[in-house]
Amino acid sequence: MIEIKDISKVYDGQYALDHVSFKVGEGEIVGLLGPNGAGKSTLMKIITCFIPPTEGEVTVCGHSIYDDSLAVRRCIGYLPEHNPLYPDMYVREYLRFAAGLSGLKEEKRHADEMIELTGLAPEAHKKIGQLSKGYRQRVGLAQALIHDPKVLILDEPTTGLDPNQLEFIRNVIRTVGKNKVVLLSTHIMQEVEAMCSRAIIINHGRIVGDESMDGINAKNLTEQFHKLTE
Ligand SMILES: Nc1ncnc2c1ncn2[C@@H]1O[C@H](COP(=O)(O)OP(=O)(O)O)[C@@H](O)[C@H]1O
Ligand SMILES: [Mg+2]
């Protein structure tokens with residue numbers, strides 16, 4: 001579903017990504033785990049066609065980022081790292097707007113379904129700028145999911161949330177992830193343990209580990225991670 005072949009990204013002579021390759025298939029929830037500056041966001045921006053790679057190829061649902069970037073973007077739901085939202089829009093209004101942008105006809109129905117799925121009903125009448133961080137993150141997730149994309153790309157979806165909000169967002173991701181492809185980034189092992197079936201460890205722009213989460217817990221992974229990112 002997502003196929004990354006020998007991707008590099010060079011900024012001013014420095015490799016932000018250095019010949020990265022991996023594949024992610026349906027039903028997988030993959031955690032891209034790495035310290036700050038490892039290249040996680042850069043990779044996600046390339047997959048979602050926000051920036052081009054310096055070299056290499058990415059295909060998503062069989063579409064190339066070079067030949068058919070519109071088709072790539074159609075099959076992806078993306079929650080960017082800093083979750084850019086319009087603070088002056090009402091939650092309900094924003095989600096209807098997002099539905100319209102995705103080309104959906106019944107904007108109200110789709111917005112209402114997402115409000116239900118992400119538990120936004122008690123806050124849906126408020127302006128986005130009035131929401132707490134956890135509820136803003138739910139709006140971002142609702143926006144990413146509204147067109148029922150096959151592929152979800154979530155850049156640090158749970159960073160900075162309180163434990164209740166964290167558990168709720170984790171649950172939504174686990175539930176919707178059953179019949180999608182999910183690639184999420186984090187620098188926290190416990191997030192990978194809680195949500196992912198596989199962990200890809202990235203450091204200095206290189207993939208240094210690729211582990212199935214069967215039988216691995218956060219402690220094992222932490223030891224692995226420290227060894228691999230020394
Ligand atoms: N627009 C840019 N211009 C120059 N360097 C950048 C740019 N974006 C990212 N980088 C560099 O690329 C590296 C990877 O950054 P990033 O992908 O944001 O890492 P992560 O998301 O894992 O924290 C860092 O060294 C960062 O400084
Ligand atoms: Mg980042």
# chains A, B, ... in the order shown; residues from 1 in each chain; ligands from 1
>>> select_by_dssp(residues="stretch 11-230 of chain A", states="helix (DSSP H, G or I)", output="MDAnalysis selection string")
chainID A and resid 40:47 69:74 91:101 107:117 121:123 128:130 133:145 163:179 189:195 218:228
>>> residues_around(residues="A:Leu85", least_positions_apart="3", cutoff="12 Å", atoms="only C-alpha atoms", output="PyMOL selection string")
chain A and resi 79-82+88-91+94-95+97-98+127-131+133+135-144
>>> closest_atom_pairs(of="stretch 156-219 of chain A", to="stretch 224-230 of chain A", cutoff="8 Å", atoms="only C-alpha atoms", output="Markdown table")
| residue | atom | partner | partner_atom | distance |
| --- | --- | --- | --- | --- |
| A:Ile201 | CA | A:Phe225 | CA | 7.3 |
| A:Asn203 | CA | A:Thr229 | CA | 6.0 |
| A:Val208 | CA | A:Leu228 | CA | 6.3 |
| A:Gly209 | CA | A:Leu228 | CA | 7.3 |
>>> write_last_selection(atoms="N, CA and C atoms", output="PDB file, in the first residue's frame")
ATOM      1  N   ILE A 201      12.442   1.939  13.285  1.00  0.00           N
ATOM      2  CA  ILE A 201      13.246   2.890  14.055  1.00  0.00           C
ATOM      3  C   ILE A 201      14.134   3.684  13.105  1.00  0.00           C
ATOM      4  N   ASN A 203      16.922   6.990  12.674  1.00  0.00           N
ATOM      5  CA  ASN A 203      17.875   7.853  13.368  1.00  0.00           C
ATOM      6  C   ASN A 203      18.783   8.503  12.333  1.00  0.00           C
ATOM      7  N   VAL A 208      17.172   2.153  11.148  1.00  0.00           N
ATOM      8  CA  VAL A 208      18.134   1.336  11.886  1.00  0.00           C
ATOM      9  C   VAL A 208      17.475   0.118  12.539  1.00  0.00           C
ATOM     10  N   GLY A 209      16.165   0.014  12.446  1.00  0.00           N
ATOM     11  CA  GLY A 209      15.490  -1.150  13.001  1.00  0.00           C
ATOM     12  C   GLY A 209      14.102  -1.283  12.420  1.00  0.00           C
TER      13      GLY A 209
END
>>> closest_atom_pairs(of="chain A", to="ligand 1", cutoff="7 Å", atoms="only C-alpha atoms and all ligand atoms", output="tab-separated table")
residue	atom	partner	partner_atom_place_in_ligand_line	distance
A:Tyr11	CA	ligand 1	4 (C)	5.0
A:Asp12	CA	ligand 1	4 (C)	6.8
A:Ala16	CA	ligand 1	12 (O)	4.2
A:Gly34	CA	ligand 1	22 (O)	6.1
A:Pro35	CA	ligand 1	22 (O)	6.1
A:Asn36	CA	ligand 1	23 (O)	3.6
A:Gly37	CA	ligand 1	19 (O)	3.4
A:Ala38	CA	ligand 1	22 (O)	3.7
A:Gly39	CA	ligand 1	17 (O)	3.3
A:Lys40	CA	ligand 1	22 (O)	3.7
A:Ser41	CA	ligand 1	21 (O)	3.6
A:Thr42	CA	ligand 1	17 (O)	3.7
A:Leu43	CA	ligand 1	17 (O)	6.5
A:Gly205	CA	ligand 1	14 (C)	7.0
>>> closest_residue(among="A:Asp6, A:Glu28, A:Glu93, A:Asp18", to="A:Ser197", atoms="only C-alpha atoms")
A:Glu28
>>> closest_residue(among="A:Val10, A:Cys196, A:Ile51, A:Met44", to="ligand 2", atoms="only C-alpha atoms and all ligand atoms")
A:Met44
>>> closest_residue(among="A:Leu152, A:Leu184, A:Ile76, A:Leu70", to="ligand 2", atoms="only C-alpha atoms and all ligand atoms")
A:Leu184
>>> residues_around(residues="A:Gly56", least_positions_apart="2", cutoff="12 Å", atoms="only C-alpha atoms", output="number ranges by chain")
A: 3-10, 17-22, 43, 46-47, 52-54, 58-59, 64-66
>>> closest_residue(among="A:Ile202, A:Ile207, A:Val182, A:Ile173", to="ligand 2", atoms="only C-alpha atoms and all ligand atoms")
A:Ile202
>>> closest_residue(among="A:Leu161, A:Ala121, A:Ala99, A:Leu154", to="ligand 2", atoms="only C-alpha atoms and all ligand atoms")
A:Leu154
